[in-house]
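> The file below is input_13.cif, mmCIF, C-alpha atoms; chains and numbers go by the auth columns:
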data_start
#
loop_
_atom_site.group_PDB
_atom_site.id
_atom_site.type_symbol
_atom_site.label_atom_id
_atom_site.label_comp_id
_atom_site.label_asym_id
_atom_site.label_seq_id
_atom_site.Cartn_x
_atom_site.Cartn_y
_atom_site.Cartn_z
_atom_site.B_iso_or_equiv
_atom_site.auth_seq_id
_atom_site.auth_asym_id
ATOM 1 C CA PHE A 1 60.223 -8.341 -36.372 0.00 1 A
ATOM 2 C CA LEU A 2 60.684 -4.606 -36.803 0.00 2 A
ATOM 3 C CA LEU A 3 57.076 -3.882 -35.844 0.00 3 A
ATOM 4 C CA GLN A 4 57.397 -6.091 -32.775 0.00 4 A
ATOM 5 C CA PHE A 5 60.592 -4.287 -31.791 0.00 5 A
ATOM 6 C CA LEU A 6 58.989 -0.870 -32.236 0.00 6 A
ATOM 7 C CA VAL A 7 55.915 -1.758 -30.182 0.00 7 A
ATOM 8 C CA LEU A 8 57.782 -3.525 -27.377 0.00 8 A
ATOM 9 C CA GLY A 9 60.563 -0.946 -27.372 0.00 9 A
ATOM 10 C CA ALA A 10 58.095 1.931 -27.115 0.00 10 A
ATOM 11 C CA PHE A 11 56.206 0.184 -24.315 0.00 11 A
ATOM 12 C CA GLY A 12 59.450 -0.599 -22.488 0.00 12 A
ATOM 13 C CA TRP A 13 60.644 3.000 -22.890 0.00 13 A
ATOM 14 C CA TRP A 14 57.333 4.314 -21.532 0.00 14 A
ATOM 15 C CA ILE A 15 57.051 1.977 -18.569 0.00 15 A
ATOM 16 C CA VAL A 16 60.665 2.478 -17.453 0.00 16 A
ATOM 17 C CA THR A 17 60.373 6.261 -17.561 0.00 17 A
ATOM 18 C CA ARG A 18 56.905 6.462 -15.983 0.00 18 A
ATOM 19 C CA HIS A 19 56.696 3.448 -13.643 0.00 19 A
ATOM 20 C CA PRO A 20 60.153 1.972 -12.970 0.00 20 A
ATOM 21 C CA ILE A 21 59.019 0.180 -9.795 0.00 21 A
ATOM 22 C CA VAL A 22 56.409 -1.798 -11.748 0.00 22 A
ATOM 23 C CA ILE A 23 58.858 -3.288 -14.218 0.00 23 A
ATOM 24 C CA ASP A 24 61.426 -3.833 -11.458 0.00 24 A
ATOM 25 C CA ASN A 25 58.917 -5.863 -9.421 0.00 25 A
ATOM 26 C CA VAL A 26 58.275 -8.212 -12.346 0.00 26 A
ATOM 27 C CA GLY A 27 61.991 -8.426 -13.100 0.00 27 A
ATOM 28 C CA THR A 28 62.723 -9.386 -9.513 0.00 28 A
ATOM 29 C CA ALA A 29 60.086 -12.117 -9.670 0.00 29 A
ATOM 30 C CA ILE A 30 61.733 -13.492 -12.813 0.00 30 A
ATOM 31 C CA THR A 31 65.277 -13.475 -11.455 0.00 31 A
ATOM 32 C CA ASP A 32 64.626 -14.497 -7.855 0.00 32 A
ATOM 33 C CA HIS A 33 61.656 -16.845 -8.267 0.00 33 A
ATOM 34 C CA ALA A 34 61.903 -18.289 -11.782 0.00 34 A
ATOM 35 C CA LEU A 35 60.606 -21.739 -10.815 0.00 35 A
ATOM 36 C CA VAL A 36 57.523 -20.384 -9.050 0.00 36 A
ATOM 37 C CA SER A 37 56.879 -17.975 -11.934 0.00 37 A
ATOM 38 C CA GLY A 38 57.230 -20.824 -14.423 0.00 38 A
ATOM 39 C CA VAL A 39 54.775 -23.056 -12.583 0.00 39 A
ATOM 40 C CA VAL A 40 52.230 -20.270 -12.130 0.00 40 A
ATOM 41 C CA GLY A 41 52.696 -19.184 -15.736 0.00 41 A
ATOM 42 C CA GLY A 42 52.256 -22.693 -17.091 0.00 42 A
ATOM 43 C CA LEU A 43 49.155 -23.392 -15.041 0.00 43 A
ATOM 44 C CA GLY A 44 47.669 -19.936 -15.571 0.00 44 A
ATOM 45 C CA ALA A 45 48.244 -19.774 -19.314 0.00 45 A
ATOM 46 C CA THR A 46 46.969 -23.305 -19.910 0.00 46 A
ATOM 47 C CA THR A 47 43.880 -22.750 -17.790 0.00 47 A
ATOM 48 C CA LEU A 48 43.074 -19.452 -19.487 0.00 48 A
ATOM 49 C CA VAL A 49 43.478 -20.899 -22.991 0.00 49 A
ATOM 50 C CA VAL A 50 41.145 -23.778 -22.134 0.00 50 A
ATOM 51 C CA LEU A 51 38.635 -21.361 -20.606 0.00 51 A
ATOM 52 C CA PHE A 52 38.666 -19.078 -23.645 0.00 52 A
ATOM 53 C CA VAL A 53 38.322 -22.008 -26.052 0.00 53 A
ATOM 54 C CA TYR A 54 35.283 -23.233 -24.105 0.00 54 A
ATOM 55 C CA MET A 55 33.864 -19.717 -24.218 0.00 55 A
ATOM 56 C CA ALA A 56 34.393 -19.591 -27.970 0.00 56 A
ATOM 57 C CA PHE A 57 32.021 -22.528 -28.451 0.00 57 A
ATOM 58 C CA THR A 58 29.100 -20.327 -27.471 0.00 58 A
ATOM 59 C CA VAL A 59 27.951 -17.561 -29.764 0.00 59 A
ATOM 60 C CA VAL A 60 27.300 -15.164 -26.897 0.00 60 A
ATOM 61 C CA LEU A 61 30.759 -15.499 -25.289 0.00 61 A
ATOM 62 C CA LEU A 62 32.786 -15.528 -28.517 0.00 62 A
ATOM 63 C CA PRO A 63 33.694 -11.813 -28.251 0.00 63 A
ATOM 64 C CA VAL A 64 34.749 -12.312 -24.622 0.00 64 A
ATOM 65 C CA ALA A 65 36.953 -15.227 -25.664 0.00 65 A
ATOM 66 C CA VAL A 66 38.627 -13.173 -28.391 0.00 66 A
ATOM 67 C CA VAL A 67 39.287 -10.294 -25.979 0.00 67 A
ATOM 68 C CA GLY A 68 40.586 -12.739 -23.361 0.00 68 A
ATOM 69 C CA LEU A 69 43.012 -14.402 -25.759 0.00 69 A
ATOM 70 C CA PHE A 70 44.215 -10.980 -26.869 0.00 70 A
ATOM 71 C CA ALA A 71 44.753 -9.977 -23.224 0.00 71 A
ATOM 72 C CA GLU A 72 46.700 -13.183 -22.636 0.00 72 A
ATOM 73 C CA PHE A 73 48.876 -12.340 -25.643 0.00 73 A
ATOM 74 C CA LEU A 74 49.512 -8.862 -24.202 0.00 74 A
ATOM 75 C CA ILE A 75 50.632 -10.409 -20.908 0.00 75 A
ATOM 76 C CA VAL A 76 53.176 -12.518 -22.809 0.00 76 A
ATOM 77 C CA LEU A 77 54.436 -9.372 -24.562 0.00 77 A
ATOM 78 C CA TYR A 78 54.695 -7.601 -21.205 0.00 78 A
ATOM 79 C CA GLY A 79 56.873 -10.464 -19.977 0.00 79 A
ATOM 80 C CA GLN A 80 59.086 -10.060 -23.046 0.00 80 A
ATOM 81 C CA VAL A 81 59.519 -6.363 -22.277 0.00 81 A
ATOM 82 C CA VAL A 82 60.597 -7.251 -18.747 0.00 82 A
ATOM 83 C CA PHE A 83 63.165 -9.713 -20.087 0.00 83 A
ATOM 84 C CA GLY A 84 64.434 -6.895 -22.310 0.00 84 A
ATOM 85 C CA TYR A 85 64.618 -4.635 -19.260 0.00 85 A
ATOM 86 C CA LEU A 86 66.629 -7.262 -17.381 0.00 86 A
ATOM 87 C CA ILE A 87 69.069 -7.620 -20.275 0.00 87 A
ATOM 88 C CA GLY A 88 69.297 -3.857 -20.709 0.00 88 A
ATOM 89 C CA SER A 89 70.024 -3.276 -17.030 0.00 89 A
ATOM 90 C CA ARG A 90 73.186 -5.346 -17.431 0.00 90 A
ATOM 91 C CA LEU A 91 74.414 -3.343 -20.418 0.00 91 A
ATOM 92 C CA PRO A 92 76.868 -0.459 -19.873 0.00 92 A
ATOM 93 C CA ILE A 93 74.245 2.190 -20.689 0.00 93 A
ATOM 94 C CA LYS A 94 73.508 4.863 -18.085 0.00 94 A
ATOM 95 C CA ARG A 95 69.916 5.819 -18.990 0.00 95 A
ATOM 96 C CA ASP A 96 67.416 3.113 -18.046 0.00 96 A
ATOM 97 C CA SER A 97 65.071 3.877 -20.948 0.00 97 A
ATOM 98 C CA VAL A 98 67.810 3.543 -23.572 0.00 98 A
ATOM 99 C CA ALA A 99 69.172 0.438 -21.853 0.00 99 A
ATOM 100 C CA THR A 100 65.692 -1.096 -21.896 0.00 100 A
ATOM 101 C CA LEU A 101 65.339 -0.314 -25.590 0.00 101 A
ATOM 102 C CA ALA A 102 68.697 -1.970 -26.315 0.00 102 A
ATOM 103 C CA GLY A 103 67.777 -4.910 -24.084 0.00 103 A
ATOM 104 C CA VAL A 104 64.461 -5.414 -25.875 0.00 104 A
ATOM 105 C CA ALA A 105 66.309 -5.405 -29.210 0.00 105 A
ATOM 106 C CA ALA A 106 68.847 -7.948 -27.949 0.00 106 A
ATOM 107 C CA PHE A 107 66.151 -10.124 -26.393 0.00 107 A
ATOM 108 C CA LEU A 108 64.009 -10.171 -29.535 0.00 108 A
ATOM 109 C CA LEU A 109 67.021 -10.966 -31.702 0.00 109 A
ATOM 110 C CA VAL A 110 68.065 -13.884 -29.475 0.00 110 A
ATOM 111 C CA PHE A 111 64.420 -15.001 -29.233 0.00 111 A
ATOM 112 C CA GLU A 112 64.119 -15.081 -33.033 0.00 112 A
ATOM 113 C CA LEU A 113 67.429 -16.901 -33.420 0.00 113 A
ATOM 114 C CA LEU A 114 66.328 -19.480 -30.853 0.00 114 A
ATOM 115 C CA GLY A 115 63.295 -20.190 -33.027 0.00 115 A
ATOM 116 C CA LEU A 116 65.622 -21.382 -35.775 0.00 116 A
ATOM 117 C CA VAL A 117 66.950 -24.233 -33.620 0.00 117 A
ATOM 118 C CA PRO A 118 64.699 -27.270 -34.133 0.00 118 A
ATOM 119 C CA TYR A 119 62.804 -28.491 -31.048 0.00 119 A
ATOM 120 C CA LEU A 120 65.152 -27.032 -28.413 0.00 120 A
ATOM 121 C CA GLY A 121 64.603 -23.481 -29.618 0.00 121 A
ATOM 122 C CA GLY A 122 60.824 -23.763 -29.490 0.00 122 A
ATOM 123 C CA ILE A 123 60.913 -25.342 -26.048 0.00 123 A
ATOM 124 C CA THR A 124 63.200 -22.578 -24.789 0.00 124 A
ATOM 125 C CA GLN A 125 60.925 -19.901 -26.254 0.00 125 A
ATOM 126 C CA LEU A 126 57.941 -21.507 -24.562 0.00 126 A
ATOM 127 C CA LEU A 127 59.710 -21.698 -21.201 0.00 127 A
ATOM 128 C CA VAL A 128 60.771 -18.050 -21.382 0.00 128 A
ATOM 129 C CA ALA A 129 57.226 -16.969 -22.277 0.00 129 A
ATOM 130 C CA VAL A 130 55.742 -19.066 -19.460 0.00 130 A
ATOM 131 C CA VAL A 131 58.163 -17.689 -16.845 0.00 131 A
ATOM 132 C CA GLY A 132 57.420 -14.139 -17.960 0.00 132 A
ATOM 133 C CA PHE A 133 53.672 -14.804 -17.892 0.00 133 A
ATOM 134 C CA GLY A 134 53.894 -16.234 -14.379 0.00 134 A
ATOM 135 C CA ALA A 135 56.022 -13.356 -13.102 0.00 135 A
ATOM 136 C CA VAL A 136 53.492 -10.852 -14.412 0.00 136 A
ATOM 137 C CA LEU A 137 50.667 -12.739 -12.684 0.00 137 A
ATOM 138 C CA ASN A 138 52.618 -13.251 -9.429 0.00 138 A
ATOM 139 C CA THR A 139 53.306 -9.535 -9.099 0.00 139 A
ATOM 140 C CA TYR A 140 49.801 -8.443 -10.125 0.00 140 A
ATOM 141 C CA PHE A 141 51.232 -6.850 -13.292 0.00 141 A
ATOM 142 C CA GLY A 142 54.094 -5.385 -11.266 0.00 142 A
ATOM 143 C CA LEU A 143 51.956 -3.541 -8.744 0.00 143 A
ATOM 144 C CA GLN A 144 53.210 -5.622 -5.812 0.00 144 A
ATOM 145 C CA ARG A 145 56.543 -7.274 -5.081 0.00 145 A
ATOM 146 C CA PHE A 146 56.268 -11.071 -5.031 0.00 146 A
ATOM 147 C CA GLU A 147 57.057 -12.661 -1.698 0.00 147 A
ATOM 148 C CA PRO A 148 56.808 -16.463 -1.577 0.00 148 A
ATOM 149 C CA VAL A 149 54.895 -18.112 1.203 0.00 149 A
ATOM 150 C CA SER A 150 56.965 -19.097 4.205 0.00 150 A
ATOM 151 C CA LEU A 151 55.975 -21.985 6.395 0.00 151 A
ATOM 152 C CA PRO A 152 55.803 -21.503 10.159 0.00 152 A
ATOM 153 C CA GLY A 153 58.658 -23.088 12.052 0.00 153 A
ATOM 154 C CA GLY A 154 61.233 -22.428 9.327 0.00 154 A
ATOM 155 C CA ALA A 155 60.606 -25.725 7.523 0.00 155 A
#
Re-express the file's structure as structure tokens.


Amino acid sequence: FLLQFLVLGAFGWWIVTRHPIVIDNVGTAITDHALVSGVVGGLGATTLVVLFVYMAFTVVLLPVAVVGLFAEFLIVLYGQVVFGYLIGSRLPIKRDSVATLAGVAAFLLVFELLGLVPYLGGITQLLVAVVGFGAVLNTYFGLQRFEPVSLPGGA
């Protein structure tokens, strides 16, 4: 837990001080478009896991599968940092980097405590991870603000 906090806290501190727009884009996708992010995250994560498992069956693509699964894990961690940023932005702390660090600590603590609740805690953890994963994919890792498709005619 402490190692996870140190790694995610350091990454959150760095990204908020260096690229605040990037983390804000992902945070906006989570708060404003949680359903779309959840659907994209669920489909994207499931598809990628299946793809990497199929790759692992071949000897030649086994290293690619391992790297791909590791990259998928990093995307989930990036989503967790953004959730920490969102929590930290609501705390009464003036500096964004310190608020993000406190938010990451609070998020990880609540995330661990949720894991102790049978069934419901695991489902909630999965949903949070999937929404974060989808928000990261929807915003191209935060490089672009997510705008949902609008149908012509206002329908």

> Find the residue from A:Val82, A:Gly42, A:Arg18, A:Phe11 that sits nearest to Phe141 of chain A; use only C-alpha atoms when measuring.

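Ranked by minimum distance to Phe141 of chain A, first place goes to A:Val82.
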
> Could you name the residues that touch Gly115 of chain A at 8 Å or less, counting all atoms listed in the file, but leaving out those on the same chain fewer than 5 positions away, as a PyMOL selection string?

chain A and resi 121-122+125

> Out of A:Val104, A:Val128, A:Ala56, A:Leu48, which residue has the shortest atom-to-atom distance to Leu35 of chain A when counting all atoms listed in the file?

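Ranking A:Val104, A:Val128, A:Ala56, A:Leu48 by distance to Leu35 of chain A, first place goes to A:Val128.
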
> Within 8 Å of (64.0, -1.0, -17.5) (file coordinates; only C-alpha atoms), which protein or nucleic acid residues are there? I'd like them as a CSV table (one decimal) with C-alpha atoms, in the frame of the given file.


chain,number,residue,atom,x,y,z
A,12,GLY,CA,59.4,-0.6,-22.5
A,13,TRP,CA,60.6,3.0,-22.9
A,15,ILE,CA,57.1,2.0,-18.6
A,16,VAL,CA,60.7,2.5,-17.5
A,20,PRO,CA,60.2,2.0,-13.0
A,23,ILE,CA,58.9,-3.3,-14.2
A,24,ASP,CA,61.4,-3.8,-11.5
A,82,VAL,CA,60.6,-7.3,-18.7
A,84,GLY,CA,64.4,-6.9,-22.3
A,85,TYR,CA,64.6,-4.6,-19.3
A,86,LEU,CA,66.6,-7.3,-17.4
A,88,GLY,CA,69.3,-3.9,-20.7
A,89,SER,CA,70.0,-3.3,-17.0
A,96,ASP,CA,67.4,3.1,-18.0
A,97,SER,CA,65.1,3.9,-20.9
A,99,ALA,CA,69.2,0.4,-21.9
A,100,THR,CA,65.7,-1.1,-21.9

> For a test of reading the model, state the distance in Å between atom CA of Phe5 of chain A and atom CA of Leu77 of chain A, rounded to one decimal.

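Spanning atom CA of Phe5 of chain A to atom CA of Leu77 of chain A is a straight-line distance of 10.8 Å.
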
> Any idea what the distance is between atom CA of Phe73 of chain A and atom CA of Ser37 of chain A?

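Taking atom CA of Phe73 of chain A and atom CA of Ser37 of chain A, their separation equals 16.8 Å.
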
> Counting all atoms listed in the file, select every polymer residue within 12 Å of (49.1, -3.4, -12.0) as defined in the file's coordinates, and provide the selection as number ranges by chain.

A: 15, 19, 21-23, 25-26, 75, 78, 136-145

> Tell me which protein, DNA and RNA residues are within 7 Å of segment 130-133 of chain A, counting all atoms listed in the file, leaving out same-chain ones fewer than 6 positions away, and put them as a list of chain:residue names.

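Counting only the stated atoms, we get A:Ile30, A:Ala34, A:Ser37, A:Gly38, A:Gly41, A:Gly42, A:Ile75, A:Val76, A:Gly79, A:Gln80.
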
> Which value, in Å to one decimal, gives the distance between atom CA of Phe107 of chain A and atom CA of Leu8 of chain A?

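Straight-line distance from atom CA of Phe107 of chain A to atom CA of Leu8 of chain A works out to 10.7 Å.
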
> Tell me which of A:Leu151, A:Leu91, A:Val81, A:Leu61 sits closest to Leu6 of chain A, counting all atoms listed in the file.

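Checking each candidate against Leu6 of chain A, we get A:Val81 as the closest.
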
> For Leu101 of chain A, which residue among A:Val64, A:Phe83, A:Thr124, A:Val117 is the nearest when counting only C-alpha atoms?

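Among A:Val64, A:Phe83, A:Thr124, A:Val117, it is A:Phe83 that comes nearest to Leu101 of chain A.
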
> Take every atom of segment 99-111 of chain A listed in the file, pad by 3 Å on each side, and give me the axis-aligned box centre and edge lengths in Å, one decimal, as AutoDock Vina command-line options.


--center_x 66.6 --center_y -7.3 --center_z -26.8 --size_x 11.2 --size_y 21.4 --size_z 15.8

> Measuring atom to atom with only C-alpha atoms, identify which of A:Thr46, A:Gln4, A:Thr28, A:Thr17 is nearest to Phe146 of chain A.

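Closest to Phe146 of chain A of all the choices is A:Thr28.
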
> Rank nothing, just name the residue among A:Phe57, A:Ala105, A:Gly134, A:Leu74 nearest to Leu3 of chain A, using all atoms listed in the file.

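When distances to Leu3 of chain A are compared using all atoms listed in the file, the smallest one comes from A:Ala105.
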